[in-house]
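The next block is query-v8.csv, given as CSV, C-alpha atoms and all ligand atoms.
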```csv
chain,number,residue,atom,x,y,z
A,30,MET,CA,-15.1,3.7,15.4
A,31,THR,CA,-12.1,4.5,17.5
A,32,ASN,CA,-12.6,8.2,18.2
A,33,ASN,CA,-12.4,8.1,22.0
A,34,ILE,CA,-9.8,5.4,22.4
A,35,GLU,CA,-6.7,5.8,24.7
A,36,ARG,CA,-3.7,6.9,22.5
A,37,CYS,CA,0.0,7.7,22.9
A,38,SER,CA,0.4,11.3,23.9
A,39,LYS,CA,2.9,11.9,21.1
A,40,CYS,CA,1.7,9.8,18.2
A,41,ILE,CA,-1.7,8.4,17.6
A,42,GLN,CA,-1.1,4.7,18.3
A,43,SER,CA,-3.9,3.3,20.4
A,44,LYS,CA,-4.2,0.8,23.2
A,45,ASN,CA,-5.3,-2.0,21.0
A,46,TYR,CA,-2.2,-1.8,18.7
A,47,PRO,CA,-0.2,-5.1,19.0
A,48,LYS,CA,2.7,-4.9,21.5
A,49,ILE,CA,2.0,-1.3,22.5
A,50,LYS,CA,3.0,-0.2,26.0
A,51,PHE,CA,2.4,3.3,27.4
A,52,GLU,CA,5.5,4.4,29.2
A,53,GLU,CA,6.3,7.7,31.0
A,54,ASN,CA,3.9,10.6,30.4
A,55,GLY,CA,1.7,8.3,28.2
A,56,VAL,CA,4.3,8.1,25.5
A,57,CYS,CA,4.3,4.7,23.7
A,58,ASN,CA,7.2,2.3,23.4
A,59,PHE,CA,7.3,2.9,19.6
A,60,CYS,CA,7.9,6.6,20.1
A,61,ASN,CA,10.6,5.9,22.8
A,62,LYS,CA,12.3,3.3,20.6
A,63,LYS,CA,12.2,5.8,17.6
A,64,ASN,CA,14.3,8.3,19.6
A,65,LYS,CA,17.0,5.7,20.0
A,66,SER,CA,17.1,4.5,16.4
A,67,THR,CA,17.0,7.8,14.5
A,68,LYS,CA,20.7,7.7,13.8
A,69,ILE,CA,20.8,4.2,12.3
A,70,GLU,CA,17.7,5.1,10.2
A,71,ALA,CA,19.4,8.2,8.9
A,72,SER,CA,22.5,6.4,7.7
A,73,PHE,CA,20.3,3.6,6.2
A,74,ILE,CA,18.5,6.3,4.2
A,75,ASP,CA,21.7,8.0,3.1
A,76,ASN,CA,22.9,4.6,1.8
A,77,ALA,CA,19.6,4.0,0.0
A,78,LYS,CA,20.0,7.4,-1.7
A,79,ILE,CA,23.4,6.4,-3.1
A,80,LYS,CA,22.2,3.0,-4.1
A,81,ILE,CA,19.2,4.4,-5.9
A,82,SER,CA,21.2,6.9,-7.9
A,83,ASN,CA,23.7,4.2,-8.8
A,84,LEU,CA,21.0,1.8,-9.9
A,85,PHE,CA,19.3,4.4,-12.1
A,86,ASP,CA,22.5,5.9,-13.5
A,87,ASN,CA,23.9,2.5,-14.5
A,88,ARG,CA,20.7,1.1,-15.9
A,89,ILE,CA,21.0,-1.1,-18.9
A,90,LYS,CA,18.4,-0.6,-21.6
A,91,ARG,CA,16.7,-3.9,-22.2
A,92,GLY,CA,13.3,-2.9,-23.4
A,93,GLU,CA,11.4,0.3,-24.2
A,94,TYR,CA,10.8,1.3,-20.6
A,95,ASP,CA,13.1,1.9,-17.6
A,96,ALA,CA,10.4,1.5,-15.0
A,97,VAL,CA,6.9,0.5,-14.4
A,98,VAL,CA,5.2,2.8,-11.9
A,99,CYS,CA,2.3,1.4,-9.9
A,100,TYR,CA,0.0,4.4,-10.2
A,101,SER,CA,-3.2,4.5,-8.1
A,102,GLY,CA,-3.9,8.2,-8.8
A,103,GLY,CA,-3.3,9.0,-5.1
A,104,LYS,CA,-1.1,11.9,-4.1
A,105,ASP,CA,1.9,9.6,-3.1
A,106,SER,CA,2.0,7.6,-6.3
A,107,THR,CA,1.4,10.8,-8.4
A,108,TYR,CA,4.5,12.3,-6.7
A,109,VAL,CA,6.5,9.2,-7.4
A,110,LEU,CA,5.5,9.3,-11.1
A,111,LYS,CA,6.6,13.0,-11.2
A,112,LEU,CA,10.0,12.2,-9.5
A,113,ALA,CA,10.6,9.2,-11.8
A,114,VAL,CA,10.1,11.4,-14.9
A,115,GLU,CA,11.4,14.8,-13.8
A,116,LYS,CA,14.1,14.0,-11.1
A,117,TYR,CA,15.4,10.7,-12.4
A,118,GLY,CA,14.7,11.1,-16.1
A,119,LEU,CA,13.3,7.6,-16.4
A,120,ASN,CA,11.2,6.4,-19.3
A,121,VAL,CA,8.2,5.1,-17.4
A,122,LEU,CA,5.1,3.1,-18.0
A,123,ALA,CA,2.4,4.1,-15.5
A,124,PHE,CA,0.2,1.2,-14.5
A,125,THR,CA,-3.2,1.4,-12.7
A,126,LEU,CA,-5.2,-1.5,-11.3
A,127,ASP,CA,-8.8,-0.5,-11.7
A,128,ASN,CA,-10.6,-2.2,-8.8
A,129,GLY,CA,-14.0,-0.6,-9.7
A,130,TYR,CA,-13.8,1.6,-6.6
A,131,ILE,CA,-11.5,4.4,-7.8
A,132,ALA,CA,-13.2,7.7,-7.2
A,133,GLU,CA,-14.3,9.7,-10.4
A,134,VAL,CA,-12.2,12.6,-9.4
A,135,ALA,CA,-9.2,10.3,-9.0
A,136,TRP,CA,-9.7,9.1,-12.6
A,137,LYS,CA,-9.7,12.7,-13.8
A,138,ASN,CA,-6.4,13.2,-11.8
A,139,ILE,CA,-4.9,10.1,-13.4
A,140,ARG,CA,-5.7,11.2,-16.9
A,141,LYS,CA,-4.5,14.8,-16.4
A,142,VAL,CA,-1.2,13.6,-14.7
A,143,VAL,CA,-0.2,11.0,-17.3
A,144,ASP,CA,-0.9,13.5,-20.0
A,145,SER,CA,1.0,16.3,-18.3
A,146,LEU,CA,4.0,14.1,-17.7
A,147,GLY,CA,3.7,12.6,-21.2
A,148,VAL,CA,3.9,9.0,-20.1
A,149,ASP,CA,2.3,5.8,-21.4
A,150,HIS,CA,-0.4,4.4,-19.2
A,151,TRP,CA,-1.8,0.9,-18.9
A,152,VAL,CA,-5.0,0.2,-17.0
A,153,TYR,CA,-5.9,-3.3,-15.9
A,154,ARG,CA,-9.4,-4.0,-14.6
A,155,PRO,CA,-9.9,-7.5,-13.1
A,156,SER,CA,-13.4,-8.9,-13.7
A,157,SER,CA,-15.7,-7.2,-11.2
A,158,GLU,CA,-17.1,-10.5,-10.0
A,159,ASN,CA,-13.7,-12.0,-9.3
A,160,TYR,CA,-12.3,-8.8,-7.7
A,161,LYS,CA,-15.3,-8.6,-5.4
A,162,ALA,CA,-15.0,-12.3,-4.5
A,163,ILE,CA,-11.4,-11.8,-3.5
A,164,ALA,CA,-12.2,-8.6,-1.6
A,165,ARG,CA,-15.1,-10.3,0.2
A,166,ALA,CA,-13.0,-13.4,1.2
A,167,SER,CA,-10.2,-11.1,2.4
A,168,ALA,CA,-12.6,-9.1,4.6
A,169,ILE,CA,-14.6,-11.8,6.3
A,170,THR,CA,-12.2,-14.8,6.6
A,171,ASP,CA,-8.8,-15.1,8.3
A,172,VAL,CA,-6.9,-15.1,5.0
A,173,TYR,CA,-4.0,-13.2,6.6
A,174,ARG,CA,-2.2,-13.7,9.9
A,175,LYS,CA,-2.8,-11.0,12.4
A,176,ASN,CA,0.8,-9.7,12.3
A,177,THR,CA,0.6,-9.0,8.5
A,178,LEU,CA,-2.3,-6.7,9.2
A,179,THR,CA,-0.7,-4.3,11.6
A,180,ARG,CA,-0.2,-1.6,8.9
A,181,ILE,CA,-2.8,-2.5,6.4
A,182,SER,CA,-6.4,-3.8,6.1
A,183,ALA,CA,-7.0,-7.2,4.7
A,184,ILE,CA,-8.7,-6.0,1.5
A,185,CYS,CA,-6.0,-3.4,0.9
A,186,ASN,CA,-3.4,-6.2,1.4
A,187,SER,CA,-5.1,-8.4,-1.3
A,188,CYS,CA,-5.5,-5.5,-3.6
A,189,ILE,CA,-1.8,-4.4,-3.3
A,190,SER,CA,-0.8,-8.0,-3.9
A,191,MET,CA,-2.7,-7.9,-7.1
A,192,VAL,CA,-1.0,-4.6,-8.0
A,193,ASN,CA,2.5,-6.0,-7.1
A,194,ILE,CA,2.0,-9.3,-9.0
A,195,THR,CA,0.6,-7.5,-12.1
A,196,ALA,CA,3.4,-5.0,-12.1
A,197,LEU,CA,6.0,-7.8,-11.9
A,198,LYS,CA,4.3,-9.6,-14.8
A,199,ILE,CA,4.5,-6.4,-16.9
A,200,ALA,CA,8.1,-5.9,-15.9
A,201,LEU,CA,9.0,-9.4,-16.8
A,202,GLU,CA,7.1,-9.5,-20.1
A,203,LYS,CA,8.4,-6.1,-21.2
A,204,LYS,CA,11.9,-6.6,-19.7
A,205,ILE,CA,11.6,-3.5,-17.5
A,206,PRO,CA,14.4,-3.3,-14.9
A,207,PHE,CA,12.6,-1.2,-12.1
A,208,ILE,CA,9.2,-1.3,-10.4
A,209,LEU,CA,8.3,1.9,-8.5
A,210,ALA,CA,5.5,2.4,-6.1
A,211,GLY,CA,4.2,5.2,-3.8
A,212,PHE,CA,5.1,3.4,-0.5
A,213,THR,CA,6.3,5.5,2.4
A,214,LEU,CA,8.5,4.4,5.3
A,215,GLY,CA,5.4,4.2,7.6
A,216,GLN,CA,4.0,1.5,5.2
A,217,ILE,CA,7.0,-0.6,4.5
A,218,PRO,CA,10.0,-1.6,6.6
A,219,ILE,CA,13.2,0.3,6.1
A,220,ASN,CA,15.0,-2.7,4.5
A,221,ALA,CA,12.3,-2.8,1.8
A,222,ILE,CA,13.3,0.6,0.2
A,223,ILE,CA,15.2,-1.3,-2.5
A,224,TYR,CA,15.1,-5.0,-3.2
A,225,LYS,CA,15.6,-7.4,-6.0
A,226,ASN,CA,12.2,-8.9,-6.7
A,227,HIS,CA,12.3,-12.7,-6.6
A,228,TYR,CA,9.0,-14.3,-7.5
A,229,LYS,CA,9.6,-17.7,-6.0
A,230,PHE,CA,10.6,-16.2,-2.6
A,231,LEU,CA,7.6,-14.0,-2.8
A,232,ALA,CA,5.3,-16.9,-3.7
A,233,ASP,CA,6.6,-19.0,-0.8
A,234,SER,CA,5.9,-16.3,1.7
A,235,ARG,CA,2.4,-15.8,0.4
A,236,LEU,CA,1.5,-19.5,0.0
A,237,GLU,CA,-0.6,-19.8,3.2
A,238,SER,CA,-2.8,-16.8,2.4
A,239,LEU,CA,-3.1,-17.8,-1.2
A,240,ASN,CA,-4.3,-21.3,-0.3
A,241,LYS,CA,-7.0,-19.7,2.0
A,242,LEU,CA,-8.1,-17.4,-0.8
A,243,ARG,CA,-8.2,-20.4,-3.2
A,244,GLU,CA,-10.4,-22.3,-0.7
A,245,GLU,CA,-12.8,-19.4,-0.5
A,246,VAL,CA,-12.8,-18.1,-4.1
A,247,GLY,CA,-11.5,-20.9,-6.2
A,248,ASP,CA,-8.5,-21.3,-8.5
A,249,VAL,CA,-9.4,-18.1,-10.3
A,250,VAL,CA,-7.3,-16.3,-7.7
A,251,ASP,CA,-4.2,-17.6,-9.5
A,252,ASP,CA,-5.0,-15.4,-12.5
A,253,TYR,CA,-4.5,-12.3,-10.3
A,254,LEU,CA,-2.1,-13.4,-7.6
A,255,CYS,CA,0.3,-15.8,-9.4
A,256,ILE,CA,2.6,-15.8,-12.3
A,257,LYS,CA,2.7,-18.8,-14.6
A,258,ASP,CA,5.7,-21.1,-14.6
A,259,GLU,CA,6.2,-20.6,-18.3
A,260,LEU,CA,7.0,-16.9,-17.7
A,261,ILE,CA,9.0,-17.5,-14.5
A,262,ASN,CA,11.2,-20.2,-16.0
A,263,GLU,CA,12.3,-17.9,-18.7
A,264,VAL,CA,13.4,-15.1,-16.3
A,265,LYS,CA,17.1,-14.2,-16.6
A,266,GLU,CA,17.0,-11.1,-14.5
A,267,TYR,CA,14.4,-10.0,-12.0
A,268,PRO,CA,13.6,-6.3,-11.7
A,269,HIS,CA,14.4,-4.2,-8.6
A,270,ASN,CA,11.6,-2.7,-6.6
A,271,VAL,CA,12.6,0.8,-5.7
A,272,ASN,CA,10.5,2.9,-3.3
A,273,ILE,CA,11.8,6.3,-4.1
A,274,LEU,CA,9.4,8.2,-1.9
A,275,CYS,CA,11.1,6.7,1.2
A,276,ILE,CA,14.2,8.8,0.7
A,277,GLU,CA,12.3,12.1,0.3
A,278,ASP,CA,11.9,14.3,3.3
A,279,VAL,CA,8.6,15.8,2.3
A,280,THR,CA,5.3,16.8,3.9
A,281,GLU,CA,1.8,16.1,2.6
A,282,THR,CA,1.4,19.8,1.8
A,283,GLU,CA,4.7,19.9,-0.1
A,284,ILE,CA,3.6,16.8,-2.1
A,285,LYS,CA,0.2,18.4,-2.9
A,286,ASP,CA,1.9,21.6,-3.9
A,287,ALA,CA,4.3,19.8,-6.2
A,288,ILE,CA,1.7,17.8,-8.0
A,289,ALA,CA,-0.9,20.6,-8.3
A,290,PRO,CA,0.8,22.0,-11.5
A,291,LEU,CA,0.2,18.5,-13.1
A,292,GLY,CA,-3.6,19.1,-12.7
A,293,TRP,CA,-4.0,16.9,-9.5
A,294,VAL,CA,-6.7,18.0,-7.1
A,295,SER,CA,-7.8,16.4,-3.8
A,296,PRO,CA,-10.7,14.0,-4.1
A,297,LYS,CA,-13.7,14.8,-1.9
A,298,ASP,CA,-15.6,11.5,-1.9
A,299,VAL,CA,-12.9,9.4,-0.1
A,300,ASP,CA,-11.9,9.4,3.5
A,301,GLY,CA,-8.9,11.3,5.1
A,302,CYS,CA,-6.5,8.3,4.7
A,303,SER,CA,-7.0,7.6,1.0
A,304,SER,CA,-6.8,10.1,-1.9
A,305,ASN,CA,-8.3,7.7,-4.5
A,306,CYS,CA,-10.1,4.6,-3.3
A,307,MET,CA,-13.7,4.5,-2.1
A,308,LEU,CA,-13.2,1.0,-0.6
A,309,ASN,CA,-10.9,2.5,2.0
A,310,THR,CA,-13.5,3.7,4.5
A,311,PHE,CA,-15.1,0.2,4.6
A,312,ASN,CA,-11.7,-1.5,4.9
A,313,ASN,CA,-10.8,0.7,7.9
A,314,TYR,CA,-14.2,0.1,9.4
A,315,VAL,CA,-13.8,-3.7,9.2
A,316,HIS,CA,-10.2,-3.5,10.6
A,317,GLU,CA,-11.3,-1.4,13.5
A,318,GLU,CA,-14.2,-3.7,14.3
A,319,VAL,CA,-12.0,-6.8,14.1
A,320,PHE,CA,-8.8,-5.6,15.7
A,321,GLY,CA,-9.8,-2.5,17.6
A,322,TYR,CA,-7.4,0.0,15.9
A,323,ASN,CA,-7.2,1.9,12.6
A,324,PRO,CA,-4.8,0.3,10.0
A,325,TYR,CA,-3.3,3.8,9.3
A,326,GLU,CA,-2.2,4.3,12.9
A,327,MET,CA,1.4,3.1,12.3
A,328,GLU,CA,1.8,5.0,9.0
A,329,LEU,CA,0.5,8.3,10.4
A,330,SER,CA,2.4,7.9,13.6
A,331,HIS,CA,5.6,7.5,11.6
A,332,LEU,CA,4.9,10.8,9.9
A,333,ILE,CA,4.4,12.5,13.3
A,334,ARG,CA,7.7,11.1,14.6
A,335,GLU,CA,9.4,12.3,11.5
A,336,GLY,CA,8.0,15.8,12.0
A,337,LEU,CA,6.1,15.5,8.7
A,338,MET,CA,2.6,15.7,10.2
A,339,THR,CA,1.2,17.0,13.4
A,340,ARG,CA,-0.7,14.8,15.9
A,341,SER,CA,-3.9,16.7,15.3
A,342,GLU,CA,-3.7,16.5,11.5
A,343,ALA,CA,-3.3,12.7,11.9
A,344,LEU,CA,-6.2,12.5,14.3
A,345,ASP,CA,-8.3,14.5,11.8
A,346,LYS,CA,-7.4,12.0,9.1
A,347,ILE,CA,-8.5,8.8,10.9
A,348,ASN,CA,-11.6,10.5,12.3
A,349,ASP,CA,-12.6,11.8,8.8
A,350,SER,CA,-14.4,8.7,7.5
A,351,SER,CA,-17.5,8.9,5.4
A,352,VAL,CA,-19.7,6.5,7.5
A,353,GLU,CA,-22.5,6.8,5.0
A,354,GLN,CA,-20.3,5.0,2.4
A,355,ILE,CA,-20.0,1.8,4.5
A,356,ALA,CA,-23.5,0.3,3.9
A,357,PRO,CA,-23.4,0.6,0.1
A,358,ILE,CA,-19.9,-1.0,-0.1
A,359,MET,CA,-21.0,-3.8,2.2
A,360,ALA,CA,-24.0,-4.4,0.0
A,361,SER,CA,-21.8,-4.4,-3.1
A,362,LEU,CA,-19.6,-7.1,-1.6
A,363,SER,CA,-22.6,-9.0,-0.1
A,364,ILE,CA,-21.2,-8.7,3.4
A,365,GLU,CA,-23.4,-8.5,6.5
A,366,LYS,CA,-22.6,-7.3,9.9
A,367,ASN,CA,-22.6,-10.9,11.2
A,368,ASP,CA,-19.8,-11.8,8.8
A,369,ILE,CA,-17.6,-9.2,10.4
A,370,ILE,CA,-18.5,-10.5,13.9
A,371,SER,CA,-17.6,-14.0,12.8
A,372,VAL,CA,-14.2,-13.1,11.5
A,373,LYS,CA,-13.5,-11.1,14.7
A,374,ASN,CA,-14.3,-14.2,16.7
A,375,VAL,CA,-11.9,-16.3,14.6
A,376,TYR,CA,-9.1,-13.9,15.1
A,377,ASP,CA,-9.9,-13.4,18.8
A,378,SER,CA,-9.7,-17.2,19.3
A,379,LYS,CA,-6.1,-17.1,18.0
A,380,ARG,CA,-5.0,-14.6,20.6
B,401,ZN,ZN,3.7,7.0,20.3
```

Kindly return the structure encoded in the file as structure tokens.
Amino acid sequence: MTNNIERCSKCIQSKNYPKIKFEENGVCNFCNKKNKSTKIEASFIDNAKIKISNLFDNRIKRGEYDAVVCYSGGKDSTYVLKLAVEKYGLNVLAFTLDNGYIAEVAWKNIRKVVDSLGVDHWVYRPSSENYKAIARASAITDVYRKNTLTRISAICNSCISMVNITALKIALEKKIPFILAGFTLGQIPINAIIYKNHYKFLADSRLESLNKLREEVGDVVDDYLCIKDELINEVKEYPHNVNILCIEDVTETEIKDAIAPLGWVSPKDVDGCSSNCMLNTFNNYVHEEVFGYNPYEMELSHLIREGLMTRSEALDKINDSSVEQIAPIMASLSIEKNDIISVKNVYDSKR
């Protein structure tokens, strides 16, 4: 674990983070750059606010729903679901990918929240065997390039790809114009707040990693990470992905207070960085072993720079990992310590 590693004195980014430099008073280059770019970012977000309300106000009803909301049951996507219904008045379909590792208390939250908000809910559970094969391959082979894993662990990346592809399938099949998710600006780049989804462009950018997954797992990965040509060829209009949480200036406490009346409570059996998925502790462990830093460093540091979290709160989060959960998860995915050392060696050889 990375408890005693050298970190920026302002945020929590550590010495192993790619392209980090510690400058005057131990402040990192990302914090110093942030001070210079604040104005540009603020005007970008102001524009995004206008674009989002225009998009939602001028939506054309093509099917029964306005938006599919990727709903993990975590605090951020719960807040997004609430905003979609109560702030924007959208008729939403909540969608949850059940990866088999969602904490019991998170399921209770999910059921209470969708009932409180009165929304339809669709749960998709990939076969456990196939899901585990994809997760395993993601963790112990170099499926992704190093630079795609600076803000996310490899398993989370595969899992989120499954969520994104399934949400797009639902949107295309049901002619839903918007896809909403609980991403924050620490997780996605600022130009990804709103974008028109284009499957072919997306597929091209993912081809290399998809081929690696196919090699490891077989063509079955296509069922979860690809959309069939028959559906794509019929598409007249792609949906917009709209990440509405990125334009909200809101702290974690404010989010939790806002969703508490829906019946949402903090899960206890997950680590400090995830409010719903029990795989997360293991994913962070592998990422730290392989790359030497926690995949949440960037996201949490972003919140610190925005004044939405204190440095000590962020440190508490990444140090709050339930180590005893790692061995059972490794066993469930048939992963051994040596597998993690091997993938570290592969990535190290690419340095
Ligand atoms: Zn910093």

Can you tell me which residues sit at most 7 Å away from ligand ZN 401 (chain B), counting all atoms listed in the file, written as JSON, numbers by chain?
{"A": [37, 38, 39, 40, 41, 42, 56, 57, 58, 59, 60, 330]}

Here atom CA of Leu119 of chain A and atom CA of Asp95 of chain A stand apart by 5.8 Å

Taken to one decimal, the atom CA of Tyr46 of chain A-atom CA of Ile358 of chain A distance is 25.8 Å

Excluding same-chain residues fewer than 4 positions from Val192 of chain A, what lies within 12 Å of it counting all atoms listed in the file, as an mmCIF file with C-alpha atoms, keeping the file's coordinate frame?
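Output file selection.cif is given in full below:
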```
data_model
loop_
_atom_site.group_PDB
_atom_site.id
_atom_site.type_symbol
_atom_site.label_atom_id
_atom_site.label_comp_id
_atom_site.auth_asym_id
_atom_site.auth_seq_id
_atom_site.Cartn_x
_atom_site.Cartn_y
_atom_site.Cartn_z
ATOM 1 C CA VAL A 97 6.900 0.500 -14.400
ATOM 2 C CA VAL A 98 5.200 2.800 -11.900
ATOM 3 C CA CYS A 99 2.300 1.400 -9.900
ATOM 4 C CA TYR A 100 0.000 4.400 -10.200
ATOM 5 C CA SER A 101 -3.200 4.500 -8.100
ATOM 6 C CA ALA A 123 2.400 4.100 -15.500
ATOM 7 C CA PHE A 124 0.200 1.200 -14.500
ATOM 8 C CA THR A 125 -3.200 1.400 -12.700
ATOM 9 C CA LEU A 126 -5.200 -1.500 -11.300
ATOM 10 C CA ASP A 127 -8.800 -0.500 -11.700
ATOM 11 C CA ASN A 128 -10.600 -2.200 -8.800
ATOM 12 C CA VAL A 152 -5.000 0.200 -17.000
ATOM 13 C CA TYR A 153 -5.900 -3.300 -15.900
ATOM 14 C CA ARG A 154 -9.400 -4.000 -14.600
ATOM 15 C CA PRO A 155 -9.900 -7.500 -13.100
ATOM 16 C CA CYS A 185 -6.000 -3.400 0.900
ATOM 17 C CA ASN A 186 -3.400 -6.200 1.400
ATOM 18 C CA SER A 187 -5.100 -8.400 -1.300
ATOM 19 C CA CYS A 188 -5.500 -5.500 -3.600
ATOM 20 C CA ALA A 196 3.400 -5.000 -12.100
ATOM 21 C CA LEU A 197 6.000 -7.800 -11.900
ATOM 22 C CA LYS A 198 4.300 -9.600 -14.800
ATOM 23 C CA ILE A 199 4.500 -6.400 -16.900
ATOM 24 C CA ILE A 208 9.200 -1.300 -10.400
ATOM 25 C CA LEU A 209 8.300 1.900 -8.500
ATOM 26 C CA ALA A 210 5.500 2.400 -6.100
ATOM 27 C CA GLY A 211 4.200 5.200 -3.800
ATOM 28 C CA TYR A 253 -4.500 -12.300 -10.300
ATOM 29 C CA LEU A 254 -2.100 -13.400 -7.600
ATOM 30 C CA CYS A 255 0.300 -15.800 -9.400
#
```

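Using all atoms listed in the file, the protein and nucleic acid residues lying no more than 12 Å from Ile355 of chain A, apart from those fewer than 4 places from it along its own chain, are Val299, Asp300, Met307, Leu308, Asn309, Thr310, Phe311, Asn312, Asn313, Tyr314, Val315, Ser350, Ser351, Met359, Ala360, Ser361, Leu362, Ile364, Glu365 and Lys366 of chain A.
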
Restricting to all atoms listed in the file, whichever of A:Gly92, A:Pro290, A:Gly247, A:Gly321 is closest to Phe207 of chain A is A:Gly92

So which one's closest to Gly103 of chain A, A:Asn367, A:Ser295, A:Asn374, A:Asn45? Using all atoms listed in the file, please.
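Result for the nearest residue to Gly103 of chain A: A:Ser295.
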
Do you have the atom CA of Lys265 of chain A-atom CA of Trp151 of chain A distance handy?
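If I compute the distance from atom CA of Lys265 of chain A to atom CA of Trp151 of chain A, I get 24.3 Å.
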
Counting all atoms listed in the file, closest pick from A:Ser72, A:Asn120, A:Ser167, A:Asn83 relative to Arg243 of chain A is A:Ser167

Step by step: start from the point (9.2, -11.8, -21.8) in the file's coordinates, keep every protein, DNA or RNA residue that has an atom no farther than 8 Å from it, count all atoms listed in the file, and write the set as a ChimeraX atom specification.
/A:201-204,260,263-264

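Closest to Gln354 of chain A among A:Tyr130, A:Asp105, A:Ala71, A:Ala164 is A:Tyr130, based on all atoms listed in the file.
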
Within 10 Å of Ala232 of chain A, counting all atoms listed in the file, which residues qualify if same-chain residues fewer than 3 places away don't, as a list of chain:residue names?
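So, after excluding close chain neighbours, the residues are A:Ile194, A:His227, A:Tyr228, A:Lys229, A:Arg235, A:Leu236, A:Glu237, A:Leu239, A:Leu254, A:Cys255, A:Ile256.
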
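Closest to Ile184 of chain A among A:Cys306, A:Ala77, A:Val375, A:Val114 is A:Cys306, based on all atoms listed in the file.
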
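Distances from A:Glu326, A:Pro218, A:Asn87, A:Lys285 to Lys44 of chain A were compared using all atoms listed in the file, and the smallest one belongs to A:Glu326.
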
Please write as a PyMOL selection string the list of polymer residues whose atoms come within 12 Å of (-8.2, -15.2, 14.9), counting all atoms listed in the file and keeping to the coordinates of the file.
chain A and resi 169-176+178+319-320+370-380
